[in-house]
Amino acid sequence: MARLLVTGGAGFIGSNFVHHVIGHTDHHVTVLDKLTYAGNQASLAGLPADRLDFVQGDIADAELVDGLVSAADAVVHYAAESHNDNSLNDPRPFLDTNIIGTYTLLEAVRRHSTRFHHISTDEVYGDLELDDPQRFTENTPYNPSSPYSSTKAGSDLLVRAWVRSFGVEATISNCSNNYGPYQHVEKFIPRQITNVLRGDRPKLYGTGENVRDWIHADDHSSAVLTILDKGVIGETYLIGADGEKNNKDVVEAILTELGQPADAYDLVTDRPGHDLRYAIDSTKLRTELGWAPSYGDFETGLAATIAWYRDNEAWWAPVKDTTEAFYASKGQ
Ligand code: NAD
Ligand code: DAU
């Protein structure tokens, strides 16, 4: 049994990871989460109290972080400001949490010689042309586009520097777009599902041709556990499930699953600097650490996700109006 400190464990992917760890291991989890607009303790409801502690606090609070890290065998770092559209509106919290917060954690794991796993994104690599035969690999140069992705790139580089300069025992993973339960309705898939459930039309940025490489959050969790268990210190692993789809196809699949005409969506103002395509080559993780995703096909995972939002309106309804008011103010 290990004691894991999971930052951002009340967010989308962090909470899926906590559920996965409790269901698949005997590890004890302490969640450190600030409960920003994106955090929701209800995402951890029903988990056994003897396996989970919850601490509300900021990863940039050095004293709090030091105490929690000293009691942990490993830190899994999910906490971040995660939404590109918000970073275009107000970049400052992205610097505070993604850069200073990660620095604060790195200094604590350095002091206590604690194993550290840093969760990052494929967006650090910039974007690809639609017809580019290449996908991102661990050797692709960093080329982030947005305030969000540039702060994630900066946090990755801090981790690499702390490994090399101070001998911190860290690994990094860069994952593609996640979908699944407990994702905030600001994000693409839950926004469109909940729009249709409320009788509103999905909103596609630009022409809807942008491509994202979808992976179920539970597969992301199993990959992170694999890296924690077998990953080589100092290494970076790309996580992906060969799930490339353009946004228009995803919206059409949601509408069809919910019994609506496939063309019942609106084209809205595009995101400034909108990355065209992400695509992950996860060969290293699969061949060196033996990981494989469980959700073989996107359509099955999407249907389960739609069912989750239909059954859990009480989880998302309280934040839906505020989220839509923000988008409406930008013509989106
Ligand atoms: P999210 O926005 O749903 O959750 C972020 C969580 O972090 C929230 O619970 C929030 O309260 C918490 N948090 C924010 N600032 C904090 C602070 N200063 N101190 C403590 N807690 C704080 O994000 P997500 O989509 O679950 O993403 C989690 C991680 O995974 C991020 O690091 C993100 O960059 C990375 N990632 C996300 C995706 C994706 O598709 N969503 C893909 C690849 C990587
Ligand atoms: O690639 C990993 C990244 O995926 C993570 O690092 C980020 O934290 C996560 O938010 C996600 O970033 P994206 O910007 O790709 O996700 P988002 O859900 O915001 O948008 C997905 C695509 O859908 C993108 O091309 C923009 C488009 N979109 C989004 C919204 C909210 C729309 O067309 N309409 C919308 O209403």
# chains A, B, ... in the order shown; residues from 1 in each chain; ligands from 1
$ residues_near_ligand --ligand "ligand 1" --cutoff "7 Å" --atoms "only C-alpha atoms and all ligand atoms" --output "PyMOL selection string"
chain A and resi 7-14+32-40+57-60+78-83+97+101+119-122+152+174-179+183-184
$ residues_near_ligand --ligand "ligand 2" --cutoff "8 Å" --atoms "only C-alpha atoms and all ligand atoms" --output "number ranges by chain"
A: 81-85, 120-123, 148-149, 175-178, 186-189, 191-192, 202-206, 208, 210-213, 247-248, 268, 270-271, 274-278, 327, 332
$ atom_distance --atom1 "atom CA of A:Glu252" --atom2 "atom CA of A:Ala292"
27.7 Å
$ select_by_dssp --residues "stretch 50-285 of chain A" --states "strand (DSSP E)" --output "number ranges by chain"
A: 52-56, 74-77, 115-121, 170-175, 178-179, 203-205, 211-213, 215-216, 236-239, 244-246, 266-268
$ write_last_selection --atoms "N, CA and C atoms" --output "compact mmCIF listing (two decimals), in the first residue's frame"
# COMPACT_ATOMS: atom_id res chain seq x y z
N LEU A 52 -9.60 7.64 1.66
CA LEU A 52 -9.52 8.95 1.01
C LEU A 52 -9.61 10.07 2.03
N ASP A 53 -8.62 10.99 1.98
CA ASP A 53 -8.71 12.24 2.74
C ASP A 53 -8.81 13.39 1.74
N PHE A 54 -9.55 14.41 2.13
CA PHE A 54 -9.68 15.57 1.25
C PHE A 54 -9.18 16.82 1.97
N VAL A 55 -8.27 17.55 1.31
CA VAL A 55 -7.76 18.80 1.87
C VAL A 55 -8.04 19.91 0.86
N GLN A 56 -8.77 20.93 1.31
CA GLN A 56 -8.99 22.07 0.41
C GLN A 56 -7.84 23.04 0.57
N ALA A 74 4.17 9.23 -2.86
CA ALA A 74 4.24 9.73 -4.23
C ALA A 74 3.21 10.83 -4.42
N VAL A 75 3.54 11.78 -5.30
CA VAL A 75 2.62 12.86 -5.64
C VAL A 75 2.23 12.70 -7.11
N VAL A 76 0.93 12.74 -7.38
CA VAL A 76 0.45 12.73 -8.77
C VAL A 76 -0.22 14.07 -9.00
N HIS A 77 0.34 14.86 -9.90
CA HIS A 77 0.02 16.29 -9.99
C HIS A 77 -0.90 16.60 -11.18
N ARG A 115 8.69 10.67 -4.78
CA ARG A 115 8.39 10.36 -6.19
C ARG A 115 7.30 11.31 -6.69
N PHE A 116 7.48 11.83 -7.92
CA PHE A 116 6.56 12.85 -8.47
C PHE A 116 6.16 12.44 -9.87
N HIS A 117 4.85 12.46 -10.15
CA HIS A 117 4.41 12.30 -11.54
C HIS A 117 3.62 13.53 -11.97
N HIS A 118 4.05 14.11 -13.07
CA HIS A 118 3.48 15.36 -13.58
C HIS A 118 2.56 15.06 -14.76
N ILE A 119 1.30 15.51 -14.62
CA ILE A 119 0.30 15.30 -15.68
C ILE A 119 0.34 16.49 -16.63
N SER A 120 0.57 16.20 -17.92
CA SER A 120 0.56 17.30 -18.88
C SER A 120 -0.22 16.91 -20.14
N THR A 121 -0.08 17.75 -21.14
CA THR A 121 -0.99 17.72 -22.28
C THR A 121 -0.23 17.65 -23.59
N ALA A 170 11.17 12.15 -10.92
CA ALA A 170 9.91 12.52 -11.57
C ALA A 170 9.77 11.87 -12.94
N THR A 171 8.50 11.66 -13.32
CA THR A 171 8.13 11.29 -14.68
C THR A 171 7.08 12.29 -15.16
N ILE A 172 6.90 12.36 -16.49
CA ILE A 172 5.92 13.28 -17.08
C ILE A 172 5.07 12.47 -18.07
N SER A 173 3.77 12.77 -18.11
CA SER A 173 2.97 12.22 -19.22
C SER A 173 2.22 13.36 -19.90
N ASN A 174 2.14 13.26 -21.23
CA ASN A 174 1.40 14.24 -22.03
C ASN A 174 0.29 13.49 -22.74
N CYS A 175 -0.94 13.82 -22.36
CA CYS A 175 -2.09 13.05 -22.85
C CYS A 175 -2.91 13.88 -23.84
N ASN A 178 -9.33 14.19 -23.19
CA ASN A 178 -10.09 13.21 -22.41
C ASN A 178 -11.59 13.47 -22.51
N TYR A 179 -12.36 12.40 -22.42
CA TYR A 179 -13.81 12.52 -22.24
C TYR A 179 -14.24 11.48 -21.22
N LYS A 203 -22.84 24.05 -30.23
CA LYS A 203 -22.13 25.19 -30.81
C LYS A 203 -20.76 24.73 -31.28
N LEU A 204 -20.56 24.79 -32.59
CA LEU A 204 -19.27 24.39 -33.17
C LEU A 204 -18.46 25.62 -33.52
N TYR A 205 -17.21 25.67 -33.04
CA TYR A 205 -16.33 26.79 -33.38
C TYR A 205 -15.92 26.69 -34.85
N VAL A 211 -9.44 18.79 -35.40
CA VAL A 211 -9.39 17.38 -34.98
C VAL A 211 -8.78 17.27 -33.59
N ARG A 212 -9.42 16.47 -32.75
CA ARG A 212 -8.88 16.13 -31.43
C ARG A 212 -8.76 14.61 -31.35
N ASP A 213 -7.85 14.13 -30.50
CA ASP A 213 -7.53 12.70 -30.41
C ASP A 213 -8.08 12.21 -29.07
N ILE A 215 -9.54 10.20 -25.81
CA ILE A 215 -9.25 9.04 -24.95
C ILE A 215 -10.20 9.12 -23.75
N HIS A 216 -10.70 7.96 -23.32
CA HIS A 216 -11.56 7.95 -22.13
C HIS A 216 -10.70 8.22 -20.89
N THR A 236 9.59 10.92 -20.28
CA THR A 236 8.27 11.43 -20.66
C THR A 236 7.55 10.35 -21.46
N TYR A 237 6.26 10.19 -21.20
CA TYR A 237 5.44 9.21 -21.93
C TYR A 237 4.22 9.90 -22.52
N LEU A 238 3.96 9.69 -23.80
CA LEU A 238 2.75 10.21 -24.42
C LEU A 238 1.61 9.19 -24.25
N ILE A 239 0.42 9.70 -23.88
CA ILE A 239 -0.74 8.83 -23.66
C ILE A 239 -1.81 9.17 -24.69
N GLU A 244 -8.63 9.88 -33.13
CA GLU A 244 -8.80 11.15 -33.87
C GLU A 244 -10.21 11.28 -34.47
N LYS A 245 -10.83 12.43 -34.22
CA LYS A 245 -12.16 12.74 -34.79
C LYS A 245 -12.21 14.24 -35.00
N ASN A 246 -12.90 14.70 -36.06
CA ASN A 246 -13.09 16.14 -36.12
C ASN A 246 -14.33 16.52 -35.30
N ASP A 266 -25.22 24.84 -34.39
CA ASP A 266 -24.88 26.17 -34.90
C ASP A 266 -23.37 26.29 -35.05
N LEU A 267 -22.94 26.98 -36.12
CA LEU A 267 -21.53 27.36 -36.25
C LEU A 267 -21.36 28.72 -35.59
N VAL A 268 -20.39 28.85 -34.69
CA VAL A 268 -20.22 30.10 -33.92
C VAL A 268 -18.79 30.62 -34.09
$ atom_distance --atom1 "atom CA of A:Gly46" --atom2 "atom CA of A:Tyr182"
13.9 Å
$ residues_around --residues "A:Leu47" --least-positions-apart "4" --cutoff "12 Å" --atoms "only C-alpha atoms" --output "PyMOL selection string"
chain A and resi 15-16+18-23+28-29+41-43+51-54
$ residues_around --residues "stretch 66-68 of chain A" --least-positions-apart "5" --cutoff "10 Å" --atoms "only C-alpha atoms" --output "MDAnalysis selection string"
chainID A and resid 4:5 30:32 55 59 61 75 104:105 107:109 111:112
$ atom_distance --atom1 "atom CA of A:Ile306" --atom2 "atom CA of A:Thr322"
21.1 Å
$ residues_around --residues "stretch 308-311 of chain A" --least-positions-apart "3" --cutoff "9 Å" --atoms "only C-alpha atoms" --output "PDB file with N, CA and C atoms, in the first residue's frame"
ATOM      1  N   GLY A 180     -15.459  11.673 -20.676  1.00  0.00           N
ATOM      2  CA  GLY A 180     -15.950  10.743 -19.663  1.00  0.00           C
ATOM      3  C   GLY A 180     -16.778  11.486 -18.634  1.00  0.00           C
ATOM      4  N   PRO A 181     -17.120  10.823 -17.517  1.00  0.00           N
ATOM      5  CA  PRO A 181     -17.939  11.457 -16.486  1.00  0.00           C
ATOM      6  C   PRO A 181     -17.171  12.530 -15.728  1.00  0.00           C
ATOM      7  N   TYR A 182     -17.883  13.426 -15.064  1.00  0.00           N
ATOM      8  CA  TYR A 182     -17.330  14.463 -14.180  1.00  0.00           C
ATOM      9  C   TYR A 182     -16.552  15.546 -14.927  1.00  0.00           C
ATOM     10  N   PRO A 190     -19.060  17.709 -22.987  1.00  0.00           N
ATOM     11  CA  PRO A 190     -20.167  17.932 -22.040  1.00  0.00           C
ATOM     12  C   PRO A 190     -21.014  19.152 -22.386  1.00  0.00           C
ATOM     13  N   ILE A 193     -23.453  17.890 -25.105  1.00  0.00           N
ATOM     14  CA  ILE A 193     -24.426  16.929 -24.553  1.00  0.00           C
ATOM     15  C   ILE A 193     -25.469  17.677 -23.719  1.00  0.00           C
ATOM     16  N   THR A 194     -25.000  18.561 -22.829  1.00  0.00           N
ATOM     17  CA  THR A 194     -25.944  19.225 -21.920  1.00  0.00           C
ATOM     18  C   THR A 194     -26.771  20.271 -22.653  1.00  0.00           C
ATOM     19  N   LEU A 197     -29.496  18.118 -24.082  1.00  0.00           N
ATOM     20  CA  LEU A 197     -30.397  17.663 -22.999  1.00  0.00           C
ATOM     21  C   LEU A 197     -31.317  18.799 -22.538  1.00  0.00           C
ATOM     22  N   ALA A 303     -21.385   7.010 -25.807  1.00  0.00           N
ATOM     23  CA  ALA A 303     -22.753   6.664 -25.395  1.00  0.00           C
ATOM     24  C   ALA A 303     -22.829   6.561 -23.864  1.00  0.00           C
ATOM     25  N   ALA A 304     -21.813   5.959 -23.255  1.00  0.00           N
ATOM     26  CA  ALA A 304     -21.804   5.848 -21.785  1.00  0.00           C
ATOM     27  C   ALA A 304     -21.693   7.233 -21.148  1.00  0.00           C
ATOM     28  N   THR A 305     -20.928   8.116 -21.769  1.00  0.00           N
ATOM     29  CA  THR A 305     -20.759   9.472 -21.239  1.00  0.00           C
ATOM     30  C   THR A 305     -22.071  10.255 -21.358  1.00  0.00           C
ATOM     31  N   ALA A 314     -28.134  16.796 -11.649  1.00  0.00           N
ATOM     32  CA  ALA A 314     -27.894  17.551 -10.409  1.00  0.00           C
ATOM     33  C   ALA A 314     -26.419  17.919 -10.257  1.00  0.00           C
ATOM     34  N   TRP A 315     -25.527  17.143 -10.909  1.00  0.00           N
ATOM     35  CA  TRP A 315     -24.084  17.433 -10.832  1.00  0.00           C
ATOM     36  C   TRP A 315     -23.729  18.640 -11.709  1.00  0.00           C
ATOM     37  N   TRP A 316     -24.332  18.735 -12.916  1.00  0.00           N
ATOM     38  CA  TRP A 316     -23.902  19.787 -13.850  1.00  0.00           C
ATOM     39  C   TRP A 316     -24.828  21.000 -13.937  1.00  0.00           C
TER      40      TRP A 316
END
$ closest_residue --among "A:Glu235, A:Glu138, A:Glu313, A:Asp96" --to "A:Val159" --atoms "only C-alpha atoms"
A:Glu235
$ residues_around --residues "A:Pro147" --least-positions-apart "4" --cutoff "7 Å" --atoms "only C-alpha atoms" --output "NGL selection string"
:A and (87-88 or 91 or 151)
$ write_last_selection --atoms "C-alpha atoms" --output "PDB file, in the first residue's frame"
ATOM      1  CA  SER A  87      -6.765  31.437 -20.639  1.00  0.00           C
ATOM      2  CA  LEU A  88      -7.547  33.723 -23.579  1.00  0.00           C
ATOM      3  CA  PRO A  91      -4.134  34.320 -18.380  1.00  0.00           C
ATOM      4  CA  THR A 151       2.070  27.485 -19.024  1.00  0.00           C
TER       5      THR A 151
END
$ residues_around --residues "A:Ala253" --least-positions-apart "6" --cutoff "10 Å" --atoms "only C-alpha atoms" --output "number ranges by chain"
A: 247, 259-260, 262, 299, 302-303
$ closest_residue --among "A:His24, A:Tyr265, A:Tyr103, A:Gly273" --to "A:Pro144" --atoms "only C-alpha atoms"
A:Gly273
$ closest_residue --among "A:Gly126, A:Gly167, A:Gly290, A:Pro318" --to "A:Arg110" --atoms "only C-alpha atoms"
A:Gly167
